[in-house]
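Written below as structure tokens is the structure these notes are about.
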Amino acid sequence: MKSIAELEEIRKKTLEEIGLRKNKDGYRIVVGMATCGIAAGARPVMQAFVEELKKRNLHDVQVTMTGCIGVCRLEPIVEVISPDGSKVTYVEMTPEKAVRVVAEHIVNGRVCRDLTIGEAEGVK
Amino acid sequence: MGLMRDISLHLLDILQNSLTAKATKISIHVGALPSQDLLYLTVTDNGSGMEAELLRRVFDPFVTTRKTRPVGLGLPLLKEAAKRSGGDLIIESVKGRGTKLKATFGLSHIDRPPLGDIADTVVMVVTAHPDLDLAVCFSNQTASRELQLAEIRKHLGDIPLNHAEVLNWIKDYLTDSLKAIFGGVLDEVNC
């Protein structure tokens, strides 16, 4: 059984690490979580991002959710916003694709072009 | 994949509504009452609420507040899911005060959706909204378990609730609680 006392341990353990990254800006990952996104499988996609970032100890990446992005037929949709404010929109996401986006885009800074909305809609 | 196949996905959808309505305090209650063959889900928020006029039409799929397209299926789908199992969906709302939603299901009805992964829904919401004052309660006929994030925050000081270690703790705590209240099978009610 989980106990409140464990929270104190977590606090002690993570306090130092938190101090180190307080003023570091990282990527922001925004998952569309309206009815359309949820029905298309957005929750396991978001979970895959959270798990993969945890596995790689990427604590300065923020994962968040938003309402309907507007292209419901391409859900699950994920926007990756880099520290400089530029945005890449990934469509028809799956947990497997999420793992790839973390490895290629977040870690190595290479956009997964074949997964973007531009590619899906045939615009350059 | 596909569609809103369990109660935890409907819950995520409703919570997103509350967050869109700028709620800062949300309380979730999942309760099972085998003696009345009833499973219920209530979500209460302090969001912006709805005018009586919108509230009256809110189960109409062609009513929505989203700007992106004129269709809103979240509440109609939940109402249908509840009704299919002999339950219903009732919403009370006061403009400027907040909204209370109660979905009921026939506990043993063959068409009742499974609970799904309630813990995962809560963890995803906390990941995205670490400052939200969320309270989660599970209850059956004789016992209940509660988690109040405001309480957790007191023990954590400066550590945000969406730190990986804290999210793990929340997930495990809720999973334990679900098992204790609803029986051994995680996404089902067995009490």
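Ordering of the structure tokens sets the chain letters (A, B, ...); residue numbers start at 1 within each chain; ligands are numbered from 1 in the order shown.
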
- prompt: What residues in chain A lie within 9 Å of chain B, counting only C-alpha atoms, written as a PyMOL selection string?
  reply: chain A and resi 1-8+10-12+14-15+18+30+33-36+38-41+43+46-47+50-51+54+59+62-71

query: CA of Glu17 in chain A and CA of Leu134 in chain B are how many Å apart?
result: 25.8 Å

- request: Point out the residue among A:Cys72, A:Met93, A:Val80, A:Val45 with the least atom-to-atom distance to Gly109 in chain A, counting only C-alpha atoms.
  value: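 Nearest candidate to Gly109 in chain A out of A:Cys72, A:Met93, A:Val80, A:Val45: A:Val80.
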
query: Can you list, as a PyMOL selection string, every protein, DNA or RNA residue that comes within 12 Å of Arg110 in chain A when you count only C-alpha atoms, leaving out same-chain residues fewer than 6 positions away?
result: chain A and resi 80+82+88+100-104

List every residue of chain A that DSSP, applied to the backbone, labels as strand (DSSP E or B), and write the result as a CSV table (one decimal) with C-alpha atoms, in the first residue's frame.
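Final output, result-v1.csv:
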```csv
chain,number,residue,atom,x,y,z
A,28,ARG,CA,6.5,21.4,-24.9
A,29,ILE,CA,4.4,18.5,-26.2
A,30,VAL,CA,0.6,19.3,-26.5
A,31,VAL,CA,-1.8,16.4,-27.1
A,32,GLY,CA,-5.3,17.1,-28.5
A,62,GLN,CA,6.5,19.5,-20.5
A,63,VAL,CA,3.6,17.2,-21.7
A,64,THR,CA,0.2,18.9,-21.6
A,65,MET,CA,-3.2,18.6,-23.2
A,66,THR,CA,-5.6,20.8,-25.1
A,78,VAL,CA,0.2,16.2,-31.2
A,79,GLU,CA,2.0,19.6,-31.4
A,80,VAL,CA,5.7,19.8,-30.5
A,81,ILE,CA,6.7,23.3,-29.6
A,87,LYS,CA,5.7,24.4,-33.8
A,88,VAL,CA,5.5,21.0,-35.6
A,89,THR,CA,2.1,19.3,-35.8
A,90,TYR,CA,2.1,15.5,-35.9
A,116,THR,CA,3.6,15.8,-39.9
```

- request: Quote the spacing between CA of Arg56 in chain B and CA of Lys22 in chain B in Å to one decimal place.
  value: 20.9 Å

field: Shell around Gly118 in chain A at 10 Å using only C-alpha atoms, local window under 3 positions removed, as a ChimeraX atom specification
entry: /A:88-91,113-115,121-124

7 Å contact set for Thr42 in chain B, only C-alpha atoms, chain neighbours under 4 positions out, as a ChimeraX atom specification: /B:28-30,101-103

field: Gap from CA of Cys112 in chain A to CA of Asn57 in chain A - Å, one decimal
entry: 21.2 Å

- request: Can you pull out every residue within 10 Å of Ile181 in chain B, counting only C-alpha atoms, but drop anything in the same chain fewer than 5 positions away, and send it as a list in words?
  value: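 So the residues in contact are Val30, Gly31, Ala32, Phe138, Ser139, Asn140, Gln141, Thr142, Ala143, Ser144, Arg145, Asp176, Val189, Asn190 and Cys191 of chain B.
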
query: In terms of the shortest atom-to-atom distance over only C-alpha atoms, which of B:Gln36, B:Thr65, B:Thr104, B:Ser48 is closest to Leu89 in chain B?
result: B:Thr104

Write out as a PDB file with C-alpha atoms, in the first residue's frame each polymer residue whose atoms come within 7 Å of Asp37 in chain B, counting only C-alpha atoms; drop sequence neighbours fewer than 6 positions from it.
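See result-v9.pdb below for the written result:
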```pdb
ATOM      1  CA  GLY B 106     -26.799  -0.395 -14.241  1.00  0.00           C
ATOM      2  CA  LEU B 107     -23.949  -2.129 -12.399  1.00  0.00           C
ATOM      3  CA  SER B 108     -24.712  -5.630 -13.663  1.00  0.00           C
TER       4      SER B 108
END
```
